[in-house]
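K.L.:
The file below is entry-v1.cif, mmCIF, C-alpha atoms and all ligand atoms:
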```cif
data_final
#
loop_
_atom_site.label_atom_id
_atom_site.label_comp_id
_atom_site.auth_asym_id
_atom_site.auth_seq_id
_atom_site.Cartn_x
_atom_site.Cartn_y
_atom_site.Cartn_z
CA MET D 1 6.64 22.14 -0.86
CA ALA D 2 9.71 20.26 -1.88
CA ASP D 3 10.97 17.03 -0.33
CA PRO D 4 14.68 17.04 -1.23
CA PHE D 5 16.85 14.08 -0.32
CA ALA D 6 20.53 14.03 0.52
CA ILE D 7 22.15 11.32 -1.58
CA LEU D 8 25.35 10.13 0.09
CA LEU D 9 27.86 8.28 -2.08
CA ILE D 10 29.62 5.97 0.33
CA HIS D 11 32.24 3.31 0.03
CA PHE D 12 33.59 0.85 2.51
CA LYS D 13 37.16 1.21 3.72
CA GLY D 14 39.64 0.42 0.97
CA ASP D 15 37.02 -0.14 -1.74
CA THR D 16 37.06 3.14 -3.63
CA ALA D 17 35.53 2.18 -6.98
CA GLN D 18 33.23 4.82 -8.46
CA PRO D 19 31.01 2.93 -10.91
CA PHE D 20 29.27 5.96 -12.46
CA GLN D 21 29.71 9.66 -13.11
CA ARG D 22 28.13 11.98 -10.57
CA SER D 23 25.57 13.09 -13.15
CA TRP D 24 24.30 9.51 -13.37
CA TYR D 25 23.28 9.66 -9.71
CA GLU D 26 21.97 13.20 -9.99
CA GLU D 27 19.68 12.24 -12.83
CA LEU D 28 18.52 9.11 -11.01
CA PHE D 29 17.37 10.98 -7.90
CA SER D 30 16.91 14.67 -8.61
CA GLU D 31 15.11 17.07 -10.93
CA LYS D 32 18.08 16.72 -13.29
CA GLY D 33 16.46 13.46 -14.41
CA LYS D 34 13.12 15.07 -15.17
CA GLY D 35 11.41 13.40 -18.12
CA GLN D 36 13.58 10.26 -17.95
CA MET D 37 11.07 8.17 -15.99
CA LEU D 38 13.41 8.05 -13.00
CA LEU D 39 12.70 8.84 -9.36
CA TYR D 40 11.90 12.53 -9.70
CA ASP D 41 9.15 11.74 -12.19
CA TRP D 42 7.84 8.75 -10.21
CA PHE D 43 7.38 10.66 -6.99
CA LEU D 44 5.62 13.54 -8.72
CA ASP D 45 3.26 11.22 -10.60
CA VAL D 46 2.28 8.97 -7.70
CA SER D 47 1.73 11.92 -5.36
CA HIS D 48 -0.40 14.06 -7.67
CA GLY D 49 2.51 16.50 -7.67
CA ARG D 50 2.94 16.63 -3.89
CA ALA D 51 6.20 14.70 -3.40
CA ASP D 52 8.70 16.92 -5.18
CA LEU D 53 12.35 15.86 -4.96
CA THR D 54 13.52 19.23 -6.29
CA GLY D 55 16.64 20.26 -4.45
CA THR D 56 17.92 16.72 -3.98
CA LYS D 57 21.71 16.81 -3.89
CA VAL D 58 24.43 14.21 -4.31
CA PHE D 59 27.33 14.26 -1.81
CA GLY D 60 30.52 12.19 -1.65
CA TRP D 61 32.21 9.92 -2.27
CA TYR D 62 33.00 9.39 1.37
CA GLU D 63 35.07 6.50 2.70
CA LEU D 64 33.92 4.82 5.90
CA ASP D 65 36.23 3.52 8.56
CA LEU D 66 34.53 0.14 8.12
CA LYS D 67 35.46 -2.71 5.83
CA MET D 68 32.74 -4.43 3.88
CA ALA D 69 33.79 -7.73 5.46
CA ASP D 70 32.92 -6.26 8.85
CA TYR D 71 29.42 -5.19 7.83
CA THR D 72 26.84 -7.45 9.48
CA GLY D 73 23.58 -6.05 8.13
CA SER D 74 21.44 -7.58 5.39
CA GLY D 75 18.89 -10.04 6.65
CA ALA D 76 15.80 -10.18 8.79
CA SER D 77 17.28 -11.12 12.15
CA PRO D 78 17.11 -8.49 14.90
CA ALA D 79 20.90 -8.33 14.95
CA ALA D 80 21.05 -7.70 11.19
CA ARG D 81 18.34 -5.08 11.46
CA GLN D 82 20.28 -3.34 14.20
CA ALA D 83 23.44 -3.50 12.12
CA GLN D 84 21.57 -1.83 9.27
CA GLN D 85 20.45 1.03 11.49
CA ASP D 86 23.93 1.36 12.96
CA PHE D 87 25.34 1.50 9.43
CA LEU D 88 22.90 4.24 8.42
CA ALA D 89 23.85 6.23 11.50
CA LEU D 90 27.54 5.77 10.70
CA CYS D 91 27.04 7.00 7.12
CA LYS D 92 25.03 10.01 8.27
CA GLN D 93 27.65 10.88 10.87
CA LYS D 94 30.33 10.66 8.20
CA ALA D 95 28.38 13.09 6.02
CA ARG D 96 27.89 15.48 8.92
CA ASP D 97 31.59 15.32 9.66
CA GLU D 98 32.16 16.28 6.02
CA GLY D 99 29.91 19.32 6.45
CA VAL D 100 26.63 18.12 4.94
CA ALA D 101 23.64 19.80 6.62
CA LEU D 102 21.47 16.68 6.69
CA ASP D 103 18.69 18.38 8.64
CA ASP D 104 17.94 20.49 5.58
CA TYR D 105 16.74 17.38 3.74
CA ARG D 106 13.56 15.34 3.95
CA GLY D 107 15.50 12.11 3.89
CA VAL D 108 18.77 10.38 3.23
CA VAL D 109 19.73 7.72 0.70
CA VAL D 110 23.08 6.00 1.16
CA VAL D 111 24.39 4.88 -2.23
CA LEU D 112 27.06 2.19 -2.21
CA ASN D 113 29.39 1.08 -4.99
CA THR D 114 28.25 -2.47 -4.31
CA GLY D 115 24.92 -4.25 -3.99
CA ARG D 116 25.86 -5.27 -0.46
CA ASP D 117 22.51 -4.29 1.03
CA LEU D 118 19.15 -2.75 0.23
CA PHE D 119 16.68 -1.42 2.78
CA GLY D 120 14.75 1.63 3.83
CA GLY D 121 12.91 3.10 6.78
CA PRO D 122 12.16 6.44 8.41
CA ALA D 123 15.87 6.93 9.21
CA GLY D 124 16.89 6.58 5.58
CA ALA D 125 17.45 4.18 2.73
CA VAL D 126 20.45 2.21 1.52
CA GLY D 127 21.11 0.73 -1.90
CA GLY D 128 24.00 0.23 -4.26
CA ASP D 129 25.20 -0.73 -7.69
CA ASP D 130 28.63 -1.88 -8.83
CA GLY D 131 27.93 -1.10 -12.48
CA GLN D 132 28.48 -4.72 -13.54
CA ASP D 133 24.92 -5.38 -14.77
CA LEU D 134 24.94 -8.82 -13.17
CA ASP D 135 21.42 -8.62 -11.81
CA VAL D 136 18.61 -6.22 -11.09
CA SER D 137 20.31 -3.14 -9.66
CA GLY D 138 19.74 -2.09 -6.08
CA LEU D 139 19.52 1.38 -7.57
CA SER D 140 16.80 0.43 -10.03
CA PRO D 141 13.95 2.90 -9.80
CA ALA D 142 11.63 0.01 -8.85
CA PHE D 143 13.64 -0.65 -5.68
CA MET D 144 14.39 2.97 -4.84
CA GLU D 145 10.70 3.93 -5.23
CA GLN D 146 9.98 1.58 -2.37
CA GLU D 147 12.99 2.28 -0.17
CA MET D 148 12.52 6.05 -0.41
CA THR D 149 8.79 5.74 0.24
CA HIS D 150 9.72 3.80 3.40
CA VAL D 151 11.50 7.01 4.41
CA PHE D 152 8.13 8.78 4.18
CA GLY D 153 6.75 6.17 6.60
CA LEU D 154 4.97 3.52 4.52
CA ASP D 155 5.40 -0.18 5.10
CA HIS D 156 4.98 -2.93 2.52
CA SER D 157 1.65 -3.34 0.75
CA LYS D 158 -0.25 -6.55 1.35
CA ARG D 159 -3.28 -8.48 0.21
CA ALA D 160 -6.09 -8.91 2.66
CA ASP D 161 -6.69 -12.59 1.99
CA MET D 162 -3.03 -13.51 2.49
CA PRO D 163 -1.93 -11.29 5.36
CA ASP D 164 1.28 -13.22 6.00
CA VAL D 165 2.64 -12.58 2.52
CA GLU D 166 5.09 -9.71 2.85
CA TYR D 167 4.94 -8.37 -0.72
CA GLY D 168 1.40 -9.30 -1.62
CA ASP D 169 0.21 -6.47 -3.87
CA TRP D 170 1.68 -6.87 -7.33
CA TRP D 171 0.14 -3.62 -8.50
CA ASP D 172 1.99 -1.52 -5.96
CA ALA D 173 5.51 -0.19 -5.58
CA MET D 174 5.50 -1.15 -1.90
CA SER D 175 5.71 -4.82 -2.84
CA ASN D 176 9.13 -5.99 -4.06
CA LEU D 177 9.96 -7.46 -7.44
CA THR D 178 6.40 -7.91 -8.53
CA PRO D 179 5.84 -9.46 -11.97
CA TYR D 180 4.38 -6.12 -12.99
CA LEU D 181 7.60 -4.14 -13.21
CA THR D 182 8.55 -2.71 -16.56
CA PRO D 183 12.00 -2.01 -18.04
CA SER D 184 13.20 1.57 -17.86
CA PRO D 185 12.81 3.32 -21.20
CA THR D 186 15.98 5.33 -20.54
CA ARG D 187 18.30 2.98 -18.62
CA THR D 188 18.12 -0.01 -20.88
CA ASN D 189 20.95 -2.22 -19.55
CA ARG D 190 20.28 -5.97 -19.56
CA SER D 191 21.90 -8.59 -17.35
CA VAL D 192 23.55 -11.66 -18.84
CA ARG D 193 20.26 -13.44 -18.19
CA GLY D 194 18.45 -10.83 -20.22
CA ASP D 195 16.67 -9.18 -17.30
CA ALA D 196 16.23 -5.44 -17.18
CA VAL D 197 18.84 -4.12 -14.76
CA TYR D 198 16.81 -0.97 -14.09
CA PRO D 199 13.11 -1.87 -13.92
CA ILE D 200 10.64 0.86 -12.98
CA GLY D 201 7.19 0.93 -11.44
CA PRO D 202 4.57 0.05 -10.66
CA GLY D 203 2.72 3.08 -9.33
CA LEU D 204 1.55 3.62 -5.78
CA ASN D 205 -2.04 2.71 -4.93
CA ALA D 206 -4.63 5.24 -3.82
CA ALA D 207 -4.86 4.00 -0.23
CA ASN D 208 -1.12 4.54 0.18
CA MET D 209 -1.33 7.94 -1.51
CA LEU D 210 -4.13 9.02 0.83
CA ALA D 211 -2.20 7.80 3.86
CA LEU D 212 0.77 9.97 2.89
CA GLY D 213 -1.33 13.01 2.07
CA TRP D 214 -0.28 12.58 -1.56
CA PHE D 215 -3.75 12.31 -3.07
CA ASP D 216 -5.47 15.38 -4.50
CA GLU D 217 -8.68 15.02 -2.51
CA THR D 218 -10.59 17.37 -4.78
CA ARG D 219 -10.42 14.39 -7.16
CA LEU D 220 -11.67 11.83 -4.63
CA TRP D 221 -15.30 10.74 -4.79
CA LYS D 222 -16.71 10.33 -1.32
CA GLN D 223 -20.06 9.06 -0.17
CA SER D 224 -22.58 11.50 1.16
CA GLY D 225 -25.06 10.14 3.63
CA GLU D 226 -25.86 6.68 4.84
CA ARG D 227 -27.80 5.55 1.81
CA PHE D 228 -26.72 6.12 -1.76
CA SER D 229 -26.67 4.57 -5.17
CA GLU D 230 -24.17 6.22 -7.46
CA THR D 231 -22.50 5.57 -10.76
CA VAL D 232 -18.93 6.86 -10.59
CA VAL D 233 -16.62 7.18 -13.57
CA LEU D 234 -12.96 6.82 -12.62
CA ARG D 235 -9.92 7.99 -14.57
CA PRO D 236 -6.52 6.29 -14.22
CA LEU D 237 -5.26 6.95 -10.71
CA HIS D 238 -2.13 8.92 -11.55
CA ARG D 239 -3.56 10.90 -14.47
CA LEU D 240 -4.03 14.22 -12.77
CA ASP D 241 -4.04 15.75 -16.24
CA LEU D 242 -7.33 14.07 -17.14
CA GLY D 243 -10.59 15.45 -15.74
CA GLY D 244 -12.78 13.47 -13.39
CA TRP D 245 -12.54 11.29 -10.32
CA LEU D 246 -9.19 9.59 -9.67
CA ALA D 247 -10.52 7.30 -6.91
CA ALA D 248 -13.65 6.67 -4.87
CA GLN D 249 -13.82 6.09 -1.15
CA LEU D 250 -16.52 4.08 0.57
CA ASP D 251 -15.88 4.05 4.27
CA ASP D 252 -12.48 2.40 4.51
CA LEU D 253 -12.39 1.01 0.99
CA VAL D 254 -10.68 2.98 -1.77
CA VAL D 255 -11.51 2.12 -5.39
CA GLU D 256 -9.09 3.07 -8.17
CA PHE D 257 -8.49 2.42 -11.88
CA ARG D 258 -5.13 1.49 -13.38
CA VAL D 259 -4.11 1.07 -17.02
CA PRO D 260 -0.97 -0.51 -18.55
CA ASP D 261 0.93 2.69 -19.26
CA ARG D 262 4.04 4.46 -17.98
CA TRP D 263 4.87 3.16 -14.47
CA ASP D 264 2.10 0.61 -14.81
CA ALA D 265 3.12 -0.59 -18.28
CA GLY D 266 3.82 -4.03 -16.81
CA ILE D 267 0.35 -4.72 -15.41
CA PRO D 268 -1.60 -7.33 -17.39
CA GLY D 269 -4.40 -5.00 -18.45
CA PRO D 270 -6.75 -2.27 -17.31
CA ALA D 271 -8.03 -3.10 -13.83
CA VAL D 272 -10.00 -1.66 -10.98
CA LEU D 273 -8.28 -2.15 -7.63
CA VAL D 274 -9.71 -1.94 -4.12
CA HIS D 275 -7.70 -1.34 -0.97
CA TYR D 276 -8.00 -0.26 2.59
CA PHE D 277 -5.23 1.12 4.78
CA GLU D 278 -4.40 -0.24 8.20
CA GLY D 279 -1.29 0.09 10.32
CA LYS D 280 1.32 1.42 7.92
CA SER D 281 0.22 -0.72 4.98
CA SER D 282 -2.34 -0.85 2.24
CA TRP D 283 -4.34 -4.06 2.00
CA GLN D 284 -5.62 -5.19 -1.37
CA VAL D 285 -9.14 -6.61 -1.47
CA ALA D 286 -10.26 -9.21 -4.01
CA ASP D 287 -13.64 -9.14 -5.71
CA GLY D 288 -16.32 -11.69 -4.85
CA SER D 289 -14.65 -14.21 -7.18
CA GLY D 290 -11.24 -13.80 -5.62
CA ARG D 291 -9.77 -11.64 -8.40
CA LEU D 292 -7.38 -8.93 -7.27
CA GLY D 293 -7.46 -7.04 -10.56
CA TRP D 294 -11.15 -6.35 -10.84
CA GLY D 295 -12.71 -6.45 -14.32
CA VAL D 296 -16.14 -5.77 -15.73
CA GLY D 297 -18.67 -7.65 -13.60
CA SER D 298 -16.43 -7.79 -10.57
CA SER D 299 -18.24 -6.96 -7.40
CA LEU D 300 -18.08 -7.16 -3.67
CA ARG D 301 -21.63 -7.84 -2.74
CA PRO D 302 -22.47 -9.94 0.27
CA ALA D 303 -25.97 -10.59 -1.04
CA ASP D 304 -24.50 -12.69 -3.85
CA ALA D 305 -22.96 -15.14 -1.46
CA PRO D 306 -23.78 -18.77 -2.18
CA GLY D 307 -26.47 -19.94 0.17
CA ASP D 308 -27.47 -16.44 1.10
CA ALA D 309 -30.58 -16.62 3.18
CA GLY D 310 -32.22 -13.45 2.15
CA GLY D 311 -30.26 -10.92 0.15
CA VAL D 312 -29.31 -9.05 3.25
CA GLU D 313 -27.27 -5.94 2.70
CA PHE D 314 -24.48 -5.09 5.02
CA GLY D 315 -23.45 -1.69 6.19
CA TYR D 316 -20.50 -1.54 3.83
CA GLY D 317 -21.40 -0.53 0.34
CA ASP D 318 -21.65 -2.78 -2.62
CA ILE D 319 -19.04 -2.13 -5.33
CA THR D 320 -19.58 -3.32 -8.89
CA VAL D 321 -17.47 -2.63 -11.98
CA THR D 322 -19.92 -2.05 -14.81
CA ALA D 323 -17.64 -0.88 -17.63
CA ILE D 324 -14.00 -0.37 -18.55
CA ASP D 325 -12.99 1.68 -21.57
CA PRO D 326 -9.28 1.13 -22.25
CA VAL D 327 -9.26 3.69 -25.06
CA GLY D 328 -11.26 6.44 -23.38
CA LEU D 329 -9.39 5.61 -20.14
CA THR D 330 -12.42 5.25 -17.90
CA ALA D 331 -13.76 2.65 -15.51
CA THR D 332 -17.36 2.86 -14.40
CA VAL D 333 -18.26 1.57 -10.97
CA GLN D 334 -21.63 1.32 -9.29
CA LEU D 335 -21.53 2.13 -5.60
CA ASP D 336 -24.54 1.35 -3.44
CA ARG D 337 -25.19 1.32 0.23
CA SER D 338 -28.16 0.84 2.46
CA PRO D 339 -28.11 1.28 6.22
CA ALA D 340 -27.08 -1.72 8.24
CA LYS D 341 -29.67 -4.32 8.98
CA VAL D 342 -29.43 -7.20 11.33
CA PRO D 343 -28.16 -10.01 9.12
CA GLN D 344 -29.63 -13.44 8.77
CA TYR D 345 -26.46 -14.73 7.22
CA PHE D 346 -22.85 -13.93 7.92
CA PRO D 347 -20.86 -14.65 4.80
CA GLU D 348 -17.71 -16.33 5.90
CA TRP D 349 -15.96 -15.15 2.78
CA TRP D 350 -16.49 -11.48 3.45
CA PRO D 351 -14.62 -9.25 3.35
CA THR D 352 -11.44 -11.26 3.06
CA ARG D 353 -12.57 -14.87 2.73
CA LYS D 354 -11.72 -15.48 6.30
CA ARG D 355 -14.05 -17.53 8.43
CA TRP D 356 -12.69 -15.83 11.47
CA ILE D 357 -13.40 -12.20 12.09
CA GLU D 358 -10.47 -10.67 13.87
CA ALA D 359 -11.83 -8.79 16.81
CA GLY D 360 -10.30 -5.52 17.74
CA VAL D 361 -11.02 -2.74 20.15
CA VAL D 362 -14.13 -0.90 19.09
CA GLU D 363 -14.80 2.44 20.63
CA ILE D 364 -18.52 2.59 20.20
CA GLY D 365 -20.57 3.45 23.24
CA SER D 366 -19.25 2.43 26.60
CA PHE D 367 -20.66 -1.04 26.92
CA PHE D 368 -17.57 -2.99 26.07
CA GLY D 369 -14.20 -2.49 24.57
CA THR D 370 -13.66 -5.71 22.72
CA GLY D 371 -15.46 -6.36 19.52
CA VAL D 372 -15.40 -5.91 15.83
CA GLU D 373 -17.48 -3.71 13.63
CA ILE D 374 -18.64 -5.87 10.77
CA GLY D 375 -20.51 -3.21 8.91
CA VAL D 376 -21.42 0.41 9.31
CA GLY D 377 -23.47 0.59 12.46
CA LEU D 378 -23.28 -3.11 13.10
CA GLY D 379 -20.89 -5.12 15.16
CA VAL D 380 -20.29 -8.05 17.42
CA GLY D 381 -18.46 -8.13 20.68
CA VAL D 382 -17.27 -10.69 23.12
CA GLY D 383 -18.19 -10.03 26.73
CA GLY D 384 -17.53 -11.90 29.92
CA ASP D 385 -20.59 -14.10 29.60
CA GLY D 386 -20.80 -14.54 25.89
CA GLY D 387 -21.43 -12.52 22.81
CA VAL D 388 -23.32 -9.40 22.04
CA LEU D 389 -24.60 -7.96 18.82
CA PHE D 390 -24.74 -4.20 18.67
CA THR D 391 -26.07 -1.65 16.29
CA THR D 392 -25.30 2.02 16.33
CA ALA D 393 -27.16 5.06 15.14
CA GLY D 394 -25.48 8.38 15.72
CA ASP D 395 -24.07 8.35 19.23
CA GLU D 396 -26.43 5.68 20.41
CA THR D 397 -25.29 2.10 20.75
CA VAL D 398 -27.94 -0.56 21.18
CA LEU D 399 -27.09 -4.03 22.41
CA HIS D 400 -29.18 -6.88 21.15
CA SER D 401 -29.52 -10.38 22.44
CA PRO D 402 -26.82 -10.18 25.09
CA ASN D 403 -25.10 -13.34 26.14
CA PHE D 404 -26.00 -15.49 23.20
CA GLU D 405 -23.22 -17.87 22.52
CA ILE D 406 -20.41 -16.71 20.29
CA PRO D 407 -17.80 -19.39 19.91
CA LYS D 408 -14.56 -17.65 20.49
CA VAL D 409 -10.90 -18.34 20.47
CA GLY D 410 -9.10 -15.53 22.10
CA LEU D 411 -10.55 -12.48 20.48
CA ARG D 412 -11.59 -14.15 17.28
CA VAL D 413 -15.22 -14.59 16.40
CA ASP D 414 -16.41 -17.46 14.25
CA ALA D 415 -18.57 -15.73 11.68
CA ALA D 416 -20.25 -18.83 10.31
CA ARG D 417 -21.15 -20.17 13.71
CA LEU D 418 -22.38 -16.77 14.77
CA ALA D 419 -24.71 -16.71 11.79
CA VAL D 420 -26.29 -19.96 12.88
CA ASP D 421 -26.66 -18.76 16.42
CA LEU D 422 -28.20 -15.52 15.30
CA GLN D 423 -30.74 -17.25 13.13
CA GLN D 424 -31.75 -19.45 16.01
CA ASP D 425 -31.69 -16.95 18.80
CA PHE D 426 -32.39 -13.60 17.36
CA GLU D 427 -35.74 -12.42 16.15
CA ILE D 428 -35.12 -10.54 12.95
ZN ZN D 501 10.79 -2.55 1.60
#
```
Take the structure from the file and write it as structure tokens.
Ligand SMILES: [Zn+2]

P.N.:
Amino acid sequence: MADPFAILLIHFKGDTAQPFQRSWYEELFSEKGKGQMLLYDWFLDVSHGRADLTGTKVFGWYELDLKMADYTGSGASPAARQAQQDFLALCKQKARDEGVALDDYRGVVVVLNTGRDLFGGPAGAVGGDDGQDLDVSGLSPAFMEQEMTHVFGLDHSKRADMPDVEYGDWWDAMSNLTPYLTPSPTRTNRSVRGDAVYPIGPGLNAANMLALGWFDETRLWKQSGERFSETVVLRPLHRLDLGGWLAAQLDDLVVEFRVPDRWDAGIPGPAVLVHYFEGKSSWQVADGSGRLGWGVGSSLRPADAPGDAGGVEFGYGDITVTAIDPVGLTATVQLDRSPAKVPQYFPEWWPTRKRWIEAGVVEIGSFFGTGVEIGVGLGVGVGGDGGVLFTTAGDETVLHSPNFEIPKVGLRVDAARLAVDLQQDFEI
């Protein structure tokens, strides 16, 4: 199924410059640019062939009844955000008035003859380029990858240990201007500072692909059963042409392999990446040493925690990278999981190096609605009188040691303190 976009060439009132030929825009966005490492190729590659921009058409130029000086978008304030949405609506109305059947298209990109603004969301995307090569172009594939993927519903990618950083995942197209962009091989303009005007990449991570339905799930390794110990060989995430697994999923965590090639040519080297998806964003997870690009020896293994009291395994699986072959294009990961046990030690660094476990609503059993699952079949909750530890097996939820003291601030649970309390109060 194709996902064609309507590309609307728009200028503000009285500013009728047309920086490029129509074919320049057509090749940038549509199948006419096939093989040029532009947006048609990017979407196909990062969706395992599912996001197909075939049929994308360029319309315009259309002149708005709005001067650029009167445009009040661009910025993060609510008023600016509203102005952006109003502007999109104005552009779409203009196109409709000109006879464009916008409903026939999966999305809309407004293309300006100026870099006045750059944004995207479900209602559409806006970018522009004046052709002056002064800076990175708002129509660089790197930016348009993100803005057009916003149209499909994704938000920015983040890293789990720095949740307040808006563009935290340097390996992912849903983080802006990462250091891991690479110059376009076909649009080679340089700014006066020497920067590539049209950077491309990086690719889209597996958690984001899965969230959009863009991952070929016949190529996704999934756990079977509660207990397993498996060696999984991964191929580079976007290499549908190579045989084998393209990602592995353990509960919420998705494990993928990326190599410095094509869209990912700017990444520092072959790396295994781990993410989960929550809200509308992917969240990148560091290994036990805090590395985001996992290498050989990287692992997420609570039992290795300093001061571990007893090698306790948690419900989530252990992930270890055992080999990376940059020539054969494989990464080998060991995936292990044992059923949840009552822990003697709560590692405050797991899974995101946060001492505080953010409690959420857990729909397990009917005993309480506020808690956090800290492993498969294992969780803590905060009740009216104190804390509870619960384990689950099938449909059955068992509460243990009700009303022991969980220090709490709002709905946050202090994992380290809880560990101490558990060791004192709970018979293992
Ligand atoms: Zn964005």

K.L.:
For a test of reading the model, state the distance in Å between atom CA of D:Arg159 and atom CA of D:Val197, rounded to one decimal.

P.N.:
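Atom CA of D:Val197 lies at a distance of 27.1 Å from atom CA of D:Arg159.
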
K.L.:
Rank D:Gln18, D:Thr72, D:Gln284, D:Thr186 by their smallest atom-to-atom distance to D:Arg116, using all atoms listed in the file, and report the top residue only.

P.N.:
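The closest residue to D:Arg116 is D:Thr72.
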
K.L.:
Could you pull out the residues sitting within 6 Å of ligand ZN 501 (chain D), using only C-alpha atoms and all ligand atoms, and write them as a list in words?

P.N.:
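Listing the residues within 6 Å of ligand ZN 501 (chain D) gives Gln146, Glu147 and His156 of chain D.
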
K.L.:
From the set D:Gly266, D:Pro141, D:Pro236, D:Gly168, which residue has the shortest atom-to-atom contact distance to D:Ala286, counting only C-alpha atoms?

P.N.:
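Selected residue with least distance to D:Ala286: D:Gly168.
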
K.L.:
Hey, what's within 12 Å of D:Val46 if we count only C-alpha atoms and toss same-chain stuff fewer than 2 positions away? As a PyMOL selection string, please?

P.N.:
chain D and resi 39-44+48-52+145-146+149+172-173+201-210+212-216+236-240+246+258+262-264
